[in-house]
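Novice: First, the structure itself, so that you have it in front of you.
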Amino acid sequence: MKNTSKEYDAIIATCRELFVKKMKDYGSAWRILRLPSLTDQIFIKAQRIRSLQENEVRKVDEDESSEFIGIINYSIMALIQLELGVAEQPDLDTARATEYYDAKVKSTKALMEDKNHDYGEAWRDMRVSSLTDLILQKILRVKQIEDNKGKTIVSEGIDANYQDMINYAIFALILIQSKS
């Protein structure tokens, strides 16, 4: 588990660095996105990963890793939007957005550690393609919850699904890196 924690932190450091750079380039323009728009962005990334995994020919020279990073960052943005609500205009500077980012990562990592303890790191024996499918399943669940106006009867909420997507994407990146 110690190794997982370090690997997790290394992946997050890469994702966070990209988030900060994009905040400096674009500001917090993402703050105007409604949750379904963020969910659709995550869906596009996951679909692209699945396409890359299934198709032998690639017309754009990018690999799965950059798409998994996108899933992580968009999911963190969605968690921030859940907390703050949608803004009419960009309203966060880089420092404040990064504070929110770090808080969401902290709670998501704690969830991973709890689940990892209970599941015994079963993900290490999974295929990256299975993690991709689980992310797609979580996206479809979120879309259904969004269509239900956020109401669930017995299911966990949208936030837990975004957190699971983050953790599955990180697991996928750890597995990809371990093979290279």
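Residues are named by chain letter and number: chains run A, B, ... in the order of the structure tokens, numbers start at 1 in each chain, and ligands are numbered from 1 in the order shown.
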Extract the full set of helix (DSSP H, G or I) residues from chain A according to DSSP on the backbone, and format it as a VMD selection string.
Specialist: chain A and resid 2 to 26 29 to 32 35 to 54 64 to 84 94 to 119 122 to 125 128 to 147 158 to 179
Novice: Write out as a list in words each polymer residue whose atoms come within 6 Å of segment 128-142 of chain A, counting only C-alpha atoms; drop sequence neighbours fewer than 2 positions from it.
Specialist: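 So the residues in contact are Gln144, Ile145, Ile158, Asn161, Met165, Tyr168 and Ala172 of chain A.
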Novice: Which residues come within 12 Å of Leu175 of chain A, counting only C-alpha atoms, excluding same-chain residues fewer than 3 positions away, as a ChimeraX atom specification?
Specialist: /A:4,7-8,11,64-65,68,123-131,168-172,178-180
Novice: Check the smallest atom-to-atom distance from each of A:Lys21, A:Arg50, A:Lys109, A:Lys104 to Asp9 of chain A using only C-alpha atoms, then report the winner.
Specialist: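 Of A:Lys21, A:Arg50, A:Lys109, A:Lys104, the one nearest Asp9 of chain A, counting only C-alpha atoms, is A:Lys109.
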Novice: Which of these, A:Asp40, A:Ser51, A:Leu111, A:Asp118, has the shortest distance to Ala160 of chain A once you count only C-alpha atoms?
Specialist: A:Leu111
Novice: Determine, counting only C-alpha atoms, which protein, DNA and RNA residues have an atom within 10 Å of an atom of Gly27 of chain A; residues of the same chain fewer than 2 positions away are not included. Present the result as a VMD selection string.
Specialist: chain A and resid 20 to 25 29 to 31 90 to 94 97
Novice: For Ile76 of chain A, which of A:Gln89, A:Thr39, A:Gln163, A:Ser5 is the closest residue, counting only C-alpha atoms?
Specialist: A:Gln163
Novice: Using only C-alpha atoms, which residue out of A:Lys115, A:Arg34, A:Arg48, A:Lys151 lies closest to Asn167 of chain A?
Specialist: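 Selected residue with least distance to Asn167 of chain A: A:Lys115.
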Novice: In Å, with one decimal, what is the gap from atom CA of Tyr119 of chain A to atom CA of Asp164 of chain A?
Specialist: 13.7 Å
Novice: Do you have the atom CA of Ala46 of chain A-atom CA of Gly70 of chain A distance handy?
Specialist: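 Rounded to one decimal, the two atoms are 9.2 Å apart.
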Novice: Between A:Asn148, A:Asn55, A:Ser37, A:Ser75, which is the closest to Thr108 of chain A once you count only C-alpha atoms?
Specialist: A:Ser75
Novice: With a distance cut-off of 12 Å and only C-alpha atoms, select the neighbouring residues of Met77 of chain A, excluding the residue or stretch itself and same-chain residues fewer than 4 positions from it, and output the selection as JSON, numbers by chain.
Specialist: {"A": [15, 16, 19, 23, 28, 29, 30, 31, 32, 33, 34, 35, 37, 38, 39, 41, 42, 70, 71, 72, 73, 81, 82, 83, 84, 85, 86, 92, 97, 98, 99, 100, 101, 102, 103, 104, 105, 159, 162, 163, 166]}
